[in-house]
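Asker: Got a structure for you, written out below as structure tokens; questions coming shortly.
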Amino acid sequence: MNEEITNCRNRVFEQTLAIGKNIPHALKTDANYIYRVTGMNQIADIITSGYVRPKKGKVKGGHVGEVFWTHGGDKLFYFDGRPILEVEVQKLQDNQMGALSINDLSAFYIFNKEENKYVNRLEFFLNEYLEYQQSKKPEIRR
């Protein structure tokens with residue numbers, strides 16, 4: 001396993017303001033889950049590596065090797081259209097070491113503009129990961 005997987009520190013924070021609560025298309029969250037806003041670069045990395053890994057190098061605030069998550073509940077809403085990862089609270093605690101596997105995710109929300117709501121596309125991304133892994137295997141010659 002590489003260092004980005006083993007040395008990853010997961011940080012989990014609590015949301016204290018209910019920003020977006022009254023937005024009709026906002027993704028409501030559940031206290032039994034932890035969430036992460038992500039982007040296309042990390043999605044591509046999850047598909048190729050199979051893990052939710054930190055960005056290489058320093059990120060805002062000088063943090064290195066950390067992935068930030070937020071505990072769900074009645075004060076956490078997502079509404080700006082960015083992709084959202086979800087994992088059960090039993091699978092991730094604050095300061096937990098080790099990148100989270102794609103297989104540990106319980107949801108992979110993508111905003112569907114046509115439906116004007118977030119939809120769980122976890123199965124799609126799991127299939128993308130599996131297809132990528134199969135494409136890396138050498139052909140068996142007979």
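Following the order of the structure tokens, chains are lettered A, B, ..., residues in each are numbered from 1, and ligands are numbered from 1.
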Where in segment 10-132 of chain A does DSSP assign strand (DSSP E), given as number ranges by chain?
Answerer: A: 10-14, 27-28, 33-37, 51-52, 58-59, 63-64, 66-71, 77-78, 84-88, 96-97, 100-101, 105-112, 117-120
Asker: Would you please extract all alpha helix (DSSP H) residues from segment 42-107 of chain A, as assigned by DSSP on the backbone, and give them as a ChimeraX atom specification?
Answerer: /A:42-49
Asker: List the spatial neighbours of segment 14-31 of chain A as a PyMOL selection string - criterion: any atom at most 6 Å away, only C-alpha atoms, same-chain residues fewer than 4 positions off excluded.
Answerer: chain A and resi 70-73+75-79+117
Asker: Would you list the contacts of Asn103 of chain A as a short mmCIF file (atom, residue, chain, number, x, y, z; two decimals) with N, CA and C atoms, in the first residue's frame, taking every protein, DNA or RNA residue within 9 Å and counting only C-alpha atoms, but skipping same-chain residues closer than 6 positions in sequence?
Answerer:
data_model
loop_
_atom_site.label_atom_id
_atom_site.label_comp_id
_atom_site.auth_asym_id
_atom_site.auth_seq_id
_atom_site.Cartn_x
_atom_site.Cartn_y
_atom_site.Cartn_z
N GLY A 50 -9.09 3.48 -5.81
CA GLY A 50 -10.00 2.74 -4.94
C GLY A 50 -10.10 3.32 -3.54
N TYR A 51 -9.50 4.50 -3.33
CA TYR A 51 -9.48 5.12 -2.00
C TYR A 51 -9.79 6.61 -2.07
N LEU A 126 -18.66 2.46 -8.45
CA LEU A 126 -18.06 1.15 -8.12
C LEU A 126 -17.77 0.39 -9.41
#
Asker: Can you pull out every residue within 12 Å of Val37 of chain A, counting only C-alpha atoms, but drop anything in the same chain fewer than 2 positions away, and send it as a list in words?
Answerer: Leu27, Ile34, Tyr35, Gly39, Met40, Gln42, Ile43, Val52, Val67, Phe68, Trp69, Thr70, His71, Leu76, Phe77, Tyr78, Phe79, Asp80, Gly81, Arg82, Pro83, Ile84, Leu85, Glu86, Phe108, Tyr109, Ile110 and Phe111 of chain A
Asker: As an exercise, work out the distance from atom CA of Ser135 of chain A to atom CA of Cys8 of chain A in Å and give it to one decimal place.
Answerer: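 Atom-to-atom, atom CA of Ser135 of chain A and atom CA of Cys8 of chain A are spaced 26.6 Å apart.
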Asker: Which residue is closest to Asn120 of chain A? Choose from A:Ser106, A:Gln96, A:Asn2, A:Ser101 and count only C-alpha atoms.
Answerer: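 Nearest candidate to Asn120 of chain A out of A:Ser106, A:Gln96, A:Asn2, A:Ser101: A:Ser106.
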Asker: Which one of A:Asn41, A:Asn32, A:Gln133, A:Ser49 sits closest to Lys91 of chain A if you count only C-alpha atoms?
Answerer: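 The closest residue to Lys91 of chain A is A:Asn32.
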Asker: Tell me, as an mmCIF file with C-alpha atoms, in the first residue's frame, which residues lie within 9 Å of Tyr129 of chain A, counting only C-alpha atoms; anything in the same chain fewer than 2 positions away does not count.
Answerer:
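Below you can see out_28.cif, which holds the result:
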data_model
loop_
_atom_site.group_PDB
_atom_site.id
_atom_site.type_symbol
_atom_site.label_atom_id
_atom_site.label_comp_id
_atom_site.auth_asym_id
_atom_site.auth_seq_id
_atom_site.Cartn_x
_atom_site.Cartn_y
_atom_site.Cartn_z
ATOM 1 C CA ILE A 46 -11.001 7.340 -6.324
ATOM 2 C CA ILE A 47 -11.762 5.444 -9.545
ATOM 3 C CA THR A 48 -8.083 4.731 -10.242
ATOM 4 C CA SER A 49 -6.890 4.101 -6.667
ATOM 5 C CA GLY A 50 -9.999 2.740 -4.939
ATOM 6 C CA ILE A 102 -14.409 3.056 -2.146
ATOM 7 C CA PHE A 124 -21.976 3.574 -11.201
ATOM 8 C CA PHE A 125 -18.682 4.628 -9.577
ATOM 9 C CA LEU A 126 -18.056 1.154 -8.123
ATOM 10 C CA ASN A 127 -18.471 -0.245 -11.639
ATOM 11 C CA GLU A 131 -13.660 -1.693 -14.960
ATOM 12 C CA TYR A 132 -10.522 0.372 -14.423
ATOM 13 C CA GLN A 133 -8.952 -2.370 -12.283
ATOM 14 C CA GLN A 134 -9.779 -5.015 -14.904
#
Asker: For a quick check of understanding, using only C-alpha atoms, which of A:Val64, A:Asp74, A:Asp94, A:Lys55 has the smallest distance to Val12 of chain A?
Answerer: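 Once distances to Val12 of chain A are computed over only C-alpha atoms, the minimum belongs to A:Asp94.
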Asker: Would you please work out which residue, of A:Arg121, A:Lys136, A:Glu88, A:Pro54, is nearest to Glu66 of chain A when using only C-alpha atoms?
Answerer: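 Using only C-alpha atoms, the shortest distance to Glu66 of chain A belongs to A:Pro54.
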Asker: Could you work out how far atom CA of Val89 of chain A lies from atom CA of Asn112 of chain A, giving the answer in Å with one decimal?
Answerer: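 It comes out at 25.9 Å.
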Asker: Let me make sure I understand: among A:Tyr33, A:Asn95, A:Glu4, A:Leu105, which one has the smallest atom-to-atom distance to Lys56 of chain A if we use only C-alpha atoms?
Answerer: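 Checking each candidate against Lys56 of chain A, we get A:Glu4 as the closest.
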Asker: What is the atom CA of Leu122 of chain A-atom CA of Asp45 of chain A distance in Å, reported with one decimal?
Answerer: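 Atom CA of Leu122 of chain A sits 15.0 Å away from atom CA of Asp45 of chain A.
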